[in-house]
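Chemist: So I've got this file, run26.cif, and it contains mmCIF, C-alpha atoms and all ligand atoms:
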data_final
#
loop_
_atom_site.label_atom_id
_atom_site.label_comp_id
_atom_site.auth_asym_id
_atom_site.auth_seq_id
_atom_site.Cartn_x
_atom_site.Cartn_y
_atom_site.Cartn_z
CA MET A 1 -83.56 1.01 28.54
CA THR A 2 -82.18 4.54 28.00
CA ILE A 3 -79.58 4.75 25.24
CA GLU A 4 -76.48 6.64 26.31
CA TYR A 5 -75.10 8.62 23.36
CA ASP A 6 -71.42 9.52 23.20
CA VAL A 7 -72.32 13.06 22.16
CA ALA A 8 -75.62 14.90 21.84
CA ILE A 9 -75.76 18.09 19.77
CA VAL A 10 -78.42 20.75 20.33
CA GLY A 11 -79.02 22.85 17.20
CA LEU A 12 -78.34 21.49 13.71
CA GLY A 13 -77.51 24.75 11.94
CA ALA A 14 -74.05 25.40 10.51
CA MET A 15 -71.92 24.48 13.53
CA GLY A 16 -74.08 21.69 14.95
CA SER A 17 -74.39 19.90 11.61
CA ALA A 18 -70.63 20.20 11.06
CA ALA A 19 -69.93 18.73 14.51
CA ALA A 20 -72.36 15.89 13.77
CA ALA A 21 -70.52 15.09 10.52
CA PHE A 22 -67.09 14.91 12.20
CA LEU A 23 -68.28 13.00 15.26
CA ALA A 24 -70.27 10.39 13.35
CA ALA A 25 -67.45 9.90 10.83
CA ARG A 26 -65.15 9.13 13.79
CA GLY A 27 -67.52 6.40 14.95
CA ALA A 28 -69.16 8.21 17.85
CA ARG A 29 -72.76 7.45 18.75
CA VAL A 30 -74.36 10.82 17.95
CA LEU A 31 -77.76 12.35 18.64
CA GLY A 32 -78.61 15.70 16.99
CA ILE A 33 -81.75 17.66 17.95
CA GLU A 34 -83.12 20.64 16.02
CA THR A 35 -86.24 22.71 16.78
CA HIS A 36 -87.00 23.48 13.15
CA PHE A 37 -85.33 22.08 10.00
CA PRO A 38 -81.89 22.59 8.41
CA ALA A 39 -80.92 26.18 7.44
CA HIS A 40 -84.44 27.51 8.14
CA ALA A 41 -85.34 31.18 7.69
CA LEU A 42 -85.06 32.07 11.41
CA SER A 43 -81.54 30.63 11.64
CA SER A 44 -78.29 32.43 10.76
CA SER A 45 -77.52 30.03 7.90
CA HIS A 46 -79.84 30.81 4.99
CA GLY A 47 -79.76 33.21 2.01
CA ASP A 48 -77.92 31.43 -0.85
CA SER A 49 -74.35 32.65 -0.28
CA ARG A 50 -71.63 33.28 2.30
CA LEU A 51 -68.22 34.87 1.74
CA ILE A 52 -65.02 32.94 2.30
CA ARG A 53 -61.58 34.54 2.16
CA LEU A 54 -58.07 33.71 3.35
CA GLY A 55 -56.35 37.05 4.02
CA TYR A 56 -58.38 37.72 7.15
CA PHE A 57 -58.42 41.43 8.03
CA GLU A 58 -60.08 40.84 11.41
CA ASP A 59 -57.01 39.05 12.85
CA PRO A 60 -54.20 37.13 11.09
CA SER A 61 -54.44 34.37 13.69
CA TYR A 62 -57.63 33.16 11.95
CA VAL A 63 -55.62 32.26 8.82
CA PRO A 64 -54.39 28.77 9.88
CA LEU A 65 -58.00 27.91 10.74
CA LEU A 66 -59.13 29.14 7.35
CA GLN A 67 -56.49 27.04 5.62
CA ARG A 68 -57.81 24.01 7.49
CA ALA A 69 -61.39 25.05 6.68
CA TYR A 70 -60.58 25.11 2.94
CA GLN A 71 -59.13 21.56 3.19
CA ASN A 72 -62.21 20.36 5.03
CA TRP A 73 -64.61 22.03 2.57
CA ARG A 74 -62.84 20.25 -0.29
CA ALA A 75 -62.96 16.92 1.57
CA TRP A 76 -66.71 17.30 2.12
CA GLU A 77 -67.20 18.16 -1.56
CA ALA A 78 -65.36 14.97 -2.52
CA ALA A 79 -67.43 12.89 -0.08
CA LEU A 80 -70.70 14.44 -1.25
CA ARG A 81 -69.75 14.69 -4.94
CA THR A 82 -71.03 18.23 -5.06
CA ASP A 83 -69.63 21.78 -5.07
CA LEU A 84 -69.96 23.89 -1.93
CA LEU A 85 -67.06 26.38 -2.23
CA PHE A 86 -66.66 28.51 -5.35
CA VAL A 87 -63.49 30.54 -5.95
CA ALA A 88 -64.52 33.88 -7.47
CA GLY A 89 -62.05 36.26 -5.76
CA VAL A 90 -62.89 38.72 -2.99
CA LEU A 91 -62.17 42.42 -3.55
CA GLN A 92 -61.69 44.43 -0.34
CA ILE A 93 -62.16 48.13 -0.99
CA GLY A 94 -61.49 51.20 1.12
CA LYS A 95 -58.95 53.84 2.09
CA ALA A 96 -55.42 52.45 2.29
CA ASP A 97 -55.40 52.80 6.08
CA SER A 98 -58.87 51.27 6.61
CA LYS A 99 -58.98 48.07 8.66
CA ILE A 100 -60.37 46.05 5.74
CA VAL A 101 -57.54 47.06 3.37
CA SER A 102 -54.60 47.31 5.77
CA GLY A 103 -55.70 44.26 7.81
CA THR A 104 -56.09 42.09 4.69
CA GLU A 105 -52.65 43.10 3.43
CA ALA A 106 -51.06 42.47 6.82
CA SER A 107 -52.65 39.02 7.06
CA CYS A 108 -51.55 38.10 3.52
CA LYS A 109 -47.99 39.29 4.14
CA LEU A 110 -47.67 37.47 7.47
CA HIS A 111 -48.90 34.17 6.03
CA GLY A 112 -47.36 34.46 2.53
CA LEU A 113 -50.77 34.47 0.84
CA PRO A 114 -51.13 35.73 -2.73
CA TYR A 115 -52.90 39.09 -3.13
CA GLU A 116 -52.98 42.06 -5.47
CA ARG A 117 -53.27 45.71 -4.49
CA LEU A 118 -55.05 47.79 -7.13
CA ASP A 119 -55.52 51.55 -7.39
CA LYS A 120 -58.84 53.17 -8.34
CA THR A 121 -58.12 53.22 -12.11
CA GLU A 122 -56.96 49.64 -12.27
CA THR A 123 -59.84 48.35 -10.10
CA GLU A 124 -62.47 50.09 -12.24
CA ARG A 125 -60.81 48.90 -15.47
CA ARG A 126 -60.67 45.25 -14.44
CA PHE A 127 -63.91 45.12 -12.48
CA PRO A 128 -66.29 47.67 -14.00
CA ALA A 129 -69.04 46.90 -11.47
CA PHE A 130 -67.22 48.94 -8.82
CA LYS A 131 -66.92 52.68 -8.32
CA LEU A 132 -64.09 53.90 -6.07
CA ASP A 133 -63.52 57.36 -4.60
CA GLU A 134 -60.26 59.22 -5.28
CA GLY A 135 -57.59 57.77 -2.99
CA GLU A 136 -59.38 54.49 -2.40
CA VAL A 137 -57.69 51.19 -3.23
CA ALA A 138 -58.69 47.54 -3.45
CA VAL A 139 -56.98 44.34 -2.33
CA LEU A 140 -57.90 41.25 -4.32
CA ASP A 141 -57.84 37.91 -2.49
CA PRO A 142 -57.72 35.57 -5.51
CA GLN A 143 -58.46 32.47 -3.40
CA GLY A 144 -61.59 33.99 -1.86
CA GLY A 145 -65.10 33.31 -3.04
CA TYR A 146 -68.40 32.05 -1.74
CA LEU A 147 -70.10 29.08 -0.13
CA LYS A 148 -73.63 27.74 -0.57
CA PRO A 149 -74.96 27.71 3.03
CA GLU A 150 -78.12 25.61 2.63
CA ALA A 151 -76.26 22.96 0.62
CA ALA A 152 -73.40 22.98 3.15
CA VAL A 153 -75.70 22.37 6.14
CA MET A 154 -77.64 19.67 4.29
CA GLY A 155 -74.37 18.11 3.11
CA ALA A 156 -72.91 17.93 6.61
CA LEU A 157 -76.13 16.33 7.88
CA LYS A 158 -76.01 13.84 5.03
CA ILE A 159 -72.47 12.82 6.02
CA ALA A 160 -73.56 12.54 9.66
CA ALA A 161 -76.57 10.40 8.79
CA ALA A 162 -74.51 8.19 6.48
CA HIS A 163 -72.26 7.41 9.47
CA GLY A 164 -75.19 6.53 11.69
CA ALA A 165 -76.00 9.80 13.49
CA GLU A 166 -79.55 9.96 14.83
CA LEU A 167 -81.02 13.31 13.77
CA HIS A 168 -84.28 14.67 15.16
CA PHE A 169 -86.08 17.64 13.59
CA GLY A 170 -89.12 19.50 14.93
CA GLU A 171 -87.95 18.84 18.51
CA ARG A 172 -86.79 21.52 20.91
CA VAL A 173 -84.41 20.99 23.81
CA THR A 174 -85.84 22.69 26.88
CA ALA A 175 -83.29 21.84 29.59
CA LEU A 176 -79.81 20.40 30.13
CA GLU A 177 -78.88 18.69 33.39
CA PRO A 178 -75.13 18.04 33.56
CA ASP A 179 -73.82 15.78 36.34
CA ALA A 180 -70.57 13.97 37.15
CA ARG A 181 -71.19 11.16 34.60
CA GLY A 182 -72.71 13.02 31.68
CA VAL A 183 -75.71 15.10 30.75
CA SER A 184 -79.48 14.53 30.78
CA ILE A 185 -81.23 16.30 27.94
CA VAL A 186 -84.88 17.21 28.22
CA SER A 187 -86.73 17.97 25.00
CA SER A 188 -90.28 18.84 24.04
CA THR A 189 -90.96 15.13 23.53
CA ALA A 190 -88.38 12.99 25.34
CA ARG A 191 -85.49 12.68 27.76
CA TYR A 192 -82.00 11.49 26.69
CA ARG A 193 -78.58 10.73 28.20
CA ALA A 194 -75.22 11.57 26.66
CA ARG A 195 -71.66 11.56 27.92
CA LYS A 196 -71.05 14.98 26.35
CA ILE A 197 -73.21 17.69 24.91
CA ILE A 198 -72.50 20.35 22.30
CA VAL A 199 -74.72 23.45 22.48
CA ALA A 200 -74.75 25.00 18.98
CA THR A 201 -78.00 26.94 19.18
CA GLY A 202 -76.96 30.17 17.44
CA ALA A 203 -79.16 33.13 18.37
CA TRP A 204 -80.83 31.02 21.11
CA VAL A 205 -77.57 30.18 22.91
CA ALA A 206 -78.53 32.06 26.10
CA ASP A 207 -81.69 29.96 26.56
CA LEU A 208 -79.65 26.93 27.54
CA VAL A 209 -76.59 28.86 28.78
CA PRO A 210 -78.09 31.81 30.71
CA ALA A 211 -74.63 33.03 31.74
CA LEU A 212 -74.20 34.20 28.14
CA ARG A 213 -77.34 36.37 28.08
CA PRO A 214 -75.54 39.67 28.77
CA TYR A 215 -72.88 38.97 26.12
CA ALA A 216 -74.33 36.99 23.18
CA MET A 217 -76.62 39.51 21.51
CA PRO A 218 -78.90 38.39 18.65
CA ILE A 219 -79.29 41.20 16.14
CA ARG A 220 -81.30 41.66 12.98
CA GLN A 221 -79.54 41.57 9.60
CA VAL A 222 -81.05 42.51 6.22
CA VAL A 223 -79.84 41.61 2.73
CA ALA A 224 -81.30 42.44 -0.70
CA TRP A 225 -80.79 41.26 -4.28
CA TYR A 226 -80.62 43.64 -7.24
CA GLN A 227 -81.13 42.94 -10.91
CA PRO A 228 -78.12 44.03 -12.99
CA GLN A 229 -78.77 46.46 -15.87
CA ASP A 230 -75.73 44.99 -17.57
CA GLY A 231 -75.68 41.25 -16.96
CA PHE A 232 -72.09 40.79 -18.18
CA VAL A 233 -70.61 43.22 -15.67
CA ALA A 234 -72.12 41.29 -12.76
CA GLN A 235 -71.08 37.82 -13.90
CA VAL A 236 -68.76 35.68 -11.79
CA GLY A 237 -65.32 36.22 -13.35
CA ARG A 238 -65.97 39.90 -14.16
CA MET A 239 -67.28 40.79 -10.72
CA PRO A 240 -65.65 39.29 -7.62
CA CYS A 241 -67.37 39.08 -4.24
CA PHE A 242 -66.57 42.17 -2.18
CA LEU A 243 -66.21 43.90 1.16
CA ARG A 244 -66.26 47.68 1.25
CA ASP A 245 -65.21 49.97 4.07
CA GLU A 246 -67.42 53.07 4.20
CA GLY A 247 -65.70 54.73 7.16
CA ASN A 248 -68.29 55.81 9.71
CA GLY A 249 -70.97 54.36 7.42
CA GLY A 250 -69.79 50.87 8.38
CA SER A 251 -68.82 48.09 6.00
CA TYR A 252 -70.79 46.39 3.24
CA PHE A 253 -70.48 42.98 1.63
CA GLY A 254 -71.79 41.57 -1.60
CA PHE A 255 -71.74 38.91 -4.29
CA PRO A 256 -71.87 38.90 -8.09
CA ALA A 257 -75.05 37.62 -9.77
CA LEU A 258 -75.03 33.97 -8.71
CA GLY A 259 -78.54 33.29 -10.01
CA ALA A 260 -81.61 34.93 -11.47
CA ASP A 261 -82.04 37.25 -8.45
CA GLY A 262 -78.81 39.09 -9.26
CA VAL A 263 -76.33 40.90 -7.03
CA LYS A 264 -76.77 40.44 -3.26
CA ILE A 265 -75.65 43.14 -0.81
CA GLY A 266 -75.83 43.83 2.93
CA ARG A 267 -74.24 46.05 5.56
CA HIS A 268 -72.31 44.19 8.24
CA ALA A 269 -74.44 44.22 11.44
CA HIS A 270 -76.97 46.44 9.58
CA PHE A 271 -78.40 48.85 12.23
CA MET A 272 -77.14 46.70 15.15
CA GLU A 273 -80.78 46.18 16.28
CA PRO A 274 -81.20 43.63 19.10
CA ILE A 275 -83.99 41.10 18.55
CA ASP A 276 -85.85 38.54 20.62
CA PRO A 277 -84.94 35.18 19.04
CA GLU A 278 -88.30 33.75 20.12
CA LYS A 279 -90.16 36.12 17.82
CA PRO A 280 -90.08 36.25 14.00
CA ASN A 281 -87.59 38.81 12.69
CA PRO A 282 -89.21 42.23 12.13
CA PRO A 283 -89.85 42.39 8.36
CA VAL A 284 -87.79 44.49 5.93
CA ASN A 285 -88.91 48.15 6.13
CA GLU A 286 -88.37 51.39 4.22
CA LYS A 287 -85.34 52.39 6.31
CA ASP A 288 -83.64 49.08 5.47
CA ARG A 289 -84.45 49.48 1.79
CA ALA A 290 -83.22 53.08 1.67
CA LEU A 291 -79.84 52.08 3.17
CA LEU A 292 -79.20 49.25 0.72
CA ASP A 293 -80.63 51.02 -2.35
CA ASP A 294 -78.42 54.03 -1.66
CA PHE A 295 -75.31 51.85 -1.46
CA ALA A 296 -76.28 49.99 -4.64
CA VAL A 297 -76.66 53.18 -6.65
CA ARG A 298 -73.58 54.96 -5.25
CA ARG A 299 -71.12 52.11 -5.35
CA LEU A 300 -72.14 49.55 -7.98
CA LEU A 301 -72.22 50.85 -11.54
CA GLY A 302 -75.01 49.62 -13.77
CA VAL A 303 -75.21 46.55 -11.64
CA ALA A 304 -77.69 47.06 -8.92
CA SER A 305 -80.50 49.45 -9.70
CA HIS A 306 -83.63 47.35 -9.34
CA ARG A 307 -84.28 45.48 -6.04
CA VAL A 308 -85.99 42.14 -6.72
CA ARG A 309 -85.66 40.25 -3.44
CA GLU A 310 -85.03 40.98 0.24
CA THR A 311 -84.83 38.98 3.45
CA THR A 312 -83.88 39.18 7.11
CA CYS A 313 -81.41 37.00 8.97
CA ARG A 314 -79.76 37.14 12.41
CA TYR A 315 -76.26 37.52 13.77
CA THR A 316 -75.29 36.59 17.34
CA MET A 317 -72.74 39.22 18.33
CA LEU A 318 -70.13 38.73 21.04
CA PRO A 319 -68.43 41.87 22.40
CA SER A 320 -65.06 41.01 20.80
CA GLU A 321 -66.73 39.97 17.50
CA ASP A 322 -64.72 36.73 17.74
CA PHE A 323 -66.29 33.32 18.47
CA LEU A 324 -66.77 31.40 21.69
CA ILE A 325 -65.87 27.68 21.39
CA ASP A 326 -65.10 26.14 24.75
CA PHE A 327 -66.28 24.05 27.67
CA LEU A 328 -68.79 25.69 29.96
CA PRO A 329 -66.65 26.61 33.00
CA GLY A 330 -67.02 23.95 35.71
CA HIS A 331 -68.61 21.45 33.27
CA ASP A 332 -66.19 19.39 31.17
CA ASN A 333 -69.13 17.56 29.57
CA VAL A 334 -70.74 20.71 28.08
CA VAL A 335 -69.16 22.29 24.97
CA ILE A 336 -70.49 25.65 23.73
CA SER A 337 -70.26 26.96 20.18
CA SER A 338 -71.25 30.56 19.58
CA ALA A 339 -69.51 31.01 16.25
CA CYS A 340 -71.21 33.86 14.50
CA SER A 341 -70.52 37.56 15.20
CA GLY A 342 -71.55 37.83 11.54
CA HIS A 343 -68.56 36.00 10.08
CA GLY A 344 -68.66 32.37 11.21
CA PHE A 345 -70.02 30.45 8.26
CA LYS A 346 -66.75 30.08 6.36
CA PHE A 347 -65.31 28.38 9.47
CA MET A 348 -68.13 25.83 9.73
CA SER A 349 -65.98 23.02 8.33
CA VAL A 350 -63.21 23.63 10.88
CA VAL A 351 -65.44 24.57 13.84
CA GLY A 352 -67.10 21.15 13.43
CA GLU A 353 -63.68 19.51 13.73
CA ILE A 354 -62.78 21.54 16.83
CA LEU A 355 -66.12 20.71 18.48
CA ALA A 356 -65.64 17.01 17.73
CA ASP A 357 -62.10 17.11 19.19
CA LEU A 358 -63.31 18.82 22.36
CA ALA A 359 -66.21 16.42 22.84
CA LEU A 360 -64.23 13.23 22.17
CA ILE A 361 -60.72 13.94 23.43
CA GLY A 362 -61.11 17.06 25.55
CA GLU A 363 -58.65 19.18 23.52
CA THR A 364 -57.73 20.04 19.95
CA GLN A 365 -54.49 20.59 18.02
CA LEU A 366 -56.21 23.36 16.07
CA PRO A 367 -55.60 26.90 17.37
CA ARG A 368 -58.55 28.13 19.41
CA SER A 369 -57.10 30.59 21.92
CA LEU A 370 -59.20 33.40 20.37
CA PHE A 371 -62.33 31.47 21.28
CA SER A 372 -61.87 30.61 24.96
CA PHE A 373 -64.25 31.54 27.77
CA HIS A 374 -61.28 33.00 29.62
CA ARG A 375 -60.42 35.38 26.77
CA HIS A 376 -64.01 36.57 26.43
CA PHE A 377 -65.11 36.77 30.04
CA GLY A 378 -62.04 36.19 32.22
CA ALA A 379 -63.73 33.02 33.59
C1 LIG A 401 -77.17 37.81 6.43
C2 LIG A 401 -75.96 37.10 6.98
C3 LIG A 401 -74.79 37.12 6.23
C4 LIG A 401 -73.66 36.46 6.69
N1 LIG A 401 -72.55 36.47 5.90
C5 LIG A 401 -71.50 35.70 6.24
C6 LIG A 401 -70.43 35.57 5.32
O1 LIG A 401 -70.46 36.13 4.22
N2 LIG A 401 -69.40 34.76 5.69
C7 LIG A 401 -69.36 34.13 6.88
O2 LIG A 401 -68.38 33.42 7.15
N3 LIG A 401 -70.38 34.23 7.78
C8 LIG A 401 -71.44 35.00 7.48
N4 LIG A 401 -72.50 35.11 8.33
C9 LIG A 401 -72.45 34.44 9.65
C10 LIG A 401 -72.78 32.96 9.57
O3 LIG A 401 -73.86 32.73 8.71
C11 LIG A 401 -73.02 32.43 10.99
O4 LIG A 401 -71.79 32.54 11.69
C12 LIG A 401 -73.47 30.99 11.04
O5 LIG A 401 -74.54 30.77 10.16
C13 LIG A 401 -73.85 30.63 12.48
O6 LIG A 401 -74.21 29.26 12.54
P1 LIG A 401 -74.76 28.61 13.89
O7 LIG A 401 -74.70 27.15 13.70
O8 LIG A 401 -74.07 29.21 15.07
O9 LIG A 401 -76.29 29.11 13.99
P2 LIG A 401 -77.57 28.58 13.18
O10 LIG A 401 -77.20 28.14 11.82
O11 LIG A 401 -78.62 29.63 13.34
O12 LIG A 401 -78.00 27.27 13.95
C14 LIG A 401 -78.56 27.26 15.25
C15 LIG A 401 -79.66 26.22 15.23
O13 LIG A 401 -79.99 25.87 16.57
C16 LIG A 401 -81.38 25.57 16.60
N5 LIG A 401 -81.85 25.66 17.97
C17 LIG A 401 -81.86 26.76 18.77
N6 LIG A 401 -82.30 26.47 20.01
C18 LIG A 401 -82.60 25.14 20.00
C19 LIG A 401 -83.11 24.25 20.99
N7 LIG A 401 -83.38 24.67 22.24
N8 LIG A 401 -83.31 22.94 20.67
C20 LIG A 401 -83.01 22.50 19.40
N9 LIG A 401 -82.52 23.32 18.42
C21 LIG A 401 -82.31 24.62 18.72
C22 LIG A 401 -81.97 26.64 15.69
O14 LIG A 401 -83.27 26.28 15.24
C23 LIG A 401 -80.94 26.73 14.57
O15 LIG A 401 -81.27 25.89 13.48
C24 LIG A 401 -73.67 35.78 7.93
C25 LIG A 401 -74.84 35.74 8.69
C26 LIG A 401 -75.98 36.39 8.22
C27 LIG A 401 -77.24 36.34 9.03
#
Could you write out this structure as structure tokens?

Modeler:
Amino acid sequence: MTIEYDVAIVGLGAMGSAAAAFLAARGARVLGIETHFPAHALSSSHGDSRLIRLGYFEDPSYVPLLQRAYQNWRAWEAALRTDLLFVAGVLQIGKADSKIVSGTEASCKLHGLPYERLDKTETERRFPAFKLDEGEVAVLDPQGGYLKPEAAVMGALKIAAAHGAELHFGERVTALEPDARGVSIVSSTARYRARKIIVATGAWVADLVPALRPYAMPIRQVVAWYQPQDGFVAQVGRMPCFLRDEGNGGSYFGFPALGADGVKIGRHAHFMEPIDPEKPNPPVNEKDRALLDDFAVRRLLGVASHRVRETTCRYTMLPSEDFLIDFLPGHDNVVISSACSGHGFKFMSVVGEILADLALIGETQLPRSLFSFHRHFGA
């Protein structure tokens, strides 16, 4: 006899594992299928750290979702008896009229969030890791900090499994066949039935949803870790996490020394290089190293001179750089999550809740108008 699951989830990375945790905790019969293993090196969810911040420069309408995400992160920490979210502050540096600075301030003002605006002298006095140009300023988000991505994905899967979710690893879904009653799921080893399906396949989203191929673009991302010359300057507490607007040079992000590998930095979207998700990421090359080394030397004082580790990762960019979280048009049993565009991880704990709402009750009280098919594609 074929088991009919309430919800099947394809892809157990950040968003799929979060959905599994919420659905199973609500008593749904859940099947999760993952080609590889949790937070593997070809996914978008590895590399020790992810930024989280509340004063969202990208769009203030993300803030209520972030407030919910913080609550959900703390609830997961309590359930798992472990720490996933670490408040270390996030410093957002640039010219006063840059999007990162002005957008963060606008978001904080609109939502009554605490923040501090610091000039060059004050920033360099309090946080000696950073070097600002004349006329640059910094906005400190004191509630910002970082998440541990591998632990977060494993934690969500642990919650899901504890509530009875069936989780399959090393199994790839090759086809979805939605019909009026539900969805048939064909994998490399079996065939399943579910009333609803959530497609949370990150960089591979267009494989199962070909309509997204022209829009959801997997790109290569590179990050590197640098050994501080002065260990005290790079400690959490003396050095916040940061975002830095470099004008036409793009924007950079980074973390204080969270472990023996030191300070981690990357440029948002790196060189915007499209990749084929079926192939391994092209390895780190001299051009990548030159970009990150140059930033480290120019912008981080005594902190980041000696590169000790480097890795590649992948973003899945949508044209608006927002997320897509919606039903596939014409199919109210297929829910799509493409929540990356290089900034999705911090929302994992609320995206999981939205996906669970959509799969179980067909709607959500949480704001998701930014993420609709209609907004992205007019469908
Ligand atoms: C270097 C880097 C830095 C980042 N920094 C930040 C940050 O500071 N803050 C932030 O908020 N966000 C950040 N992001 C973005 C964030 O990490 C992503 O938004 C998030 O990880 C996306 O999760 P996902 O679940 O969509 O994809 P993934 O975690 O990649 O999960 C997709 C999963 O689906 C599986 N899969 C694919 N196809 C199939 C199939 N057919 N059958 C079964 N399984 C399948 C894959 O194996 C994979 O495990 C960063 C991303 C990168 C790469």

Chemist: Go through the chains and note each residue within 7 Å of ligand LIG 401 (chain A), using only C-alpha atoms and all ligand atoms, then give the set as a ChimeraX atom specification.

Modeler: /A:10-16,33-40,43-45,47,49-52,171-174,200-205,208,221-223,312-315,337-347

Chemist: Under the rule that all atoms listed in the file are counted, which of A:Leu91, A:Ala75, A:Val334, A:Ile100 is the nearest residue to Leu118 of chain A?

Modeler: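 So, comparing all the options, the nearest one is A:Leu91.
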
Chemist: List every protein, DNA or RNA residue that has an atom no more than 9 Å from (-70.1, 21.4, 28.2) in the file's coordinate frame, counting all atoms listed in the file, and report them as a VMD selection string.

Modeler: chain A and resid 178 183 196 to 199 326 to 336 359

Chemist: Segment 116-233 of chain A near segment 298-310 of chain A within 9 Å: what's each residue's closest atom pair and its distance in Å to one decimal, counting all atoms listed in the file, ordered by chain then ascending residue number, as CSV?

Modeler:
residue,atom,partner,partner_atom,distance
A:Pro128,CA,A:Leu301,CA,7.2
A:Ala129,CA,A:Leu301,CA,5.1
A:Phe130,CA,A:Leu300,CA,5.0
A:Lys131,CA,A:Arg299,CA,5.2
A:Leu132,CA,A:Arg299,CA,7.3
A:Val222,CA,A:Glu310,CA,7.3
A:Val223,CA,A:Glu310,CA,5.8
A:Ala224,CA,A:Glu310,CA,4.1
A:Trp225,CA,A:Arg309,CA,5.0
A:Tyr226,CA,A:Arg307,CA,4.3
A:Gln227,CA,A:His306,CA,5.3
A:Pro228,CA,A:Val303,CA,4.1
A:Gln229,CA,A:Gly302,CA,5.3
A:Asp230,CA,A:Gly302,CA,6.0
A:Gly231,CA,A:Val303,CA,7.5
A:Val233,CA,A:Val303,CA,7.0

Chemist: So how many Å separate atom CA of Gly237 of chain A and atom CA of Pro114 of chain A, to one decimal?

Modeler: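 These atoms are spaced 17.7 Å apart.
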
Chemist: Closest to Val350 of chain A among A:Leu66, A:Ala269, A:Ala8, A:Cys241, using only C-alpha atoms?

Modeler: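 Using only C-alpha atoms, Val350 of chain A sits closest to A:Leu66.
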
Chemist: Neighbours of segment 83-88 of chain A within 7 Å (all atoms listed in the file; same-chain residues fewer than 3 positions away dropped), as an mmCIF file with C-alpha atoms, in the coordinates of the input?

Modeler:
data_model
loop_
_atom_site.group_PDB
_atom_site.id
_atom_site.type_symbol
_atom_site.label_atom_id
_atom_site.label_comp_id
_atom_site.auth_asym_id
_atom_site.auth_seq_id
_atom_site.Cartn_x
_atom_site.Cartn_y
_atom_site.Cartn_z
ATOM 1 C CA TRP A 73 -64.610 22.030 2.570
ATOM 2 C CA GLU A 77 -67.200 18.160 -1.560
ATOM 3 C CA GLN A 143 -58.460 32.470 -3.400
ATOM 4 C CA GLY A 144 -61.590 33.990 -1.860
ATOM 5 C CA GLY A 145 -65.100 33.310 -3.040
ATOM 6 C CA TYR A 146 -68.400 32.050 -1.740
ATOM 7 C CA LEU A 147 -70.100 29.080 -0.130
ATOM 8 C CA LYS A 148 -73.630 27.740 -0.570
ATOM 9 C CA ALA A 151 -76.260 22.960 0.620
ATOM 10 C CA ALA A 152 -73.400 22.980 3.150
ATOM 11 C CA VAL A 236 -68.760 35.680 -11.790
ATOM 12 C CA GLY A 237 -65.320 36.220 -13.350
ATOM 13 C CA PRO A 240 -65.650 39.290 -7.620
ATOM 14 C CA CYS A 241 -67.370 39.080 -4.240
#

Chemist: Go through A:Ala160, A:Met217, A:Ile3, A:Val209 one by one, measure the shortest atom-to-atom distance of each to Pro277 of chain A using only C-alpha atoms, and give the residue with the smallest value.

Modeler: A:Met217

Chemist: Between A:Glu286, A:Lys279, A:Ala156, A:Glu150, which is the closest to Glu353 of chain A once you count all atoms listed in the file?

Modeler: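 Checking each of A:Glu286, A:Lys279, A:Ala156, A:Glu150 against Glu353 of chain A, counting all atoms listed in the file, the winner is A:Ala156.
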
Chemist: Using only C-alpha atoms, which of the listed residues (A:Ala96, A:Ile275, A:Ala21, A:Ala41) sits closest to Ala138 of chain A?

Modeler: A:Ala96

Chemist: Separation of atom CA of Phe373 of chain A and atom CA of Pro319 of chain A, in Å?

Modeler: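 Atom-to-atom, atom CA of Phe373 of chain A to atom CA of Pro319 of chain A, that is 12.4 Å.
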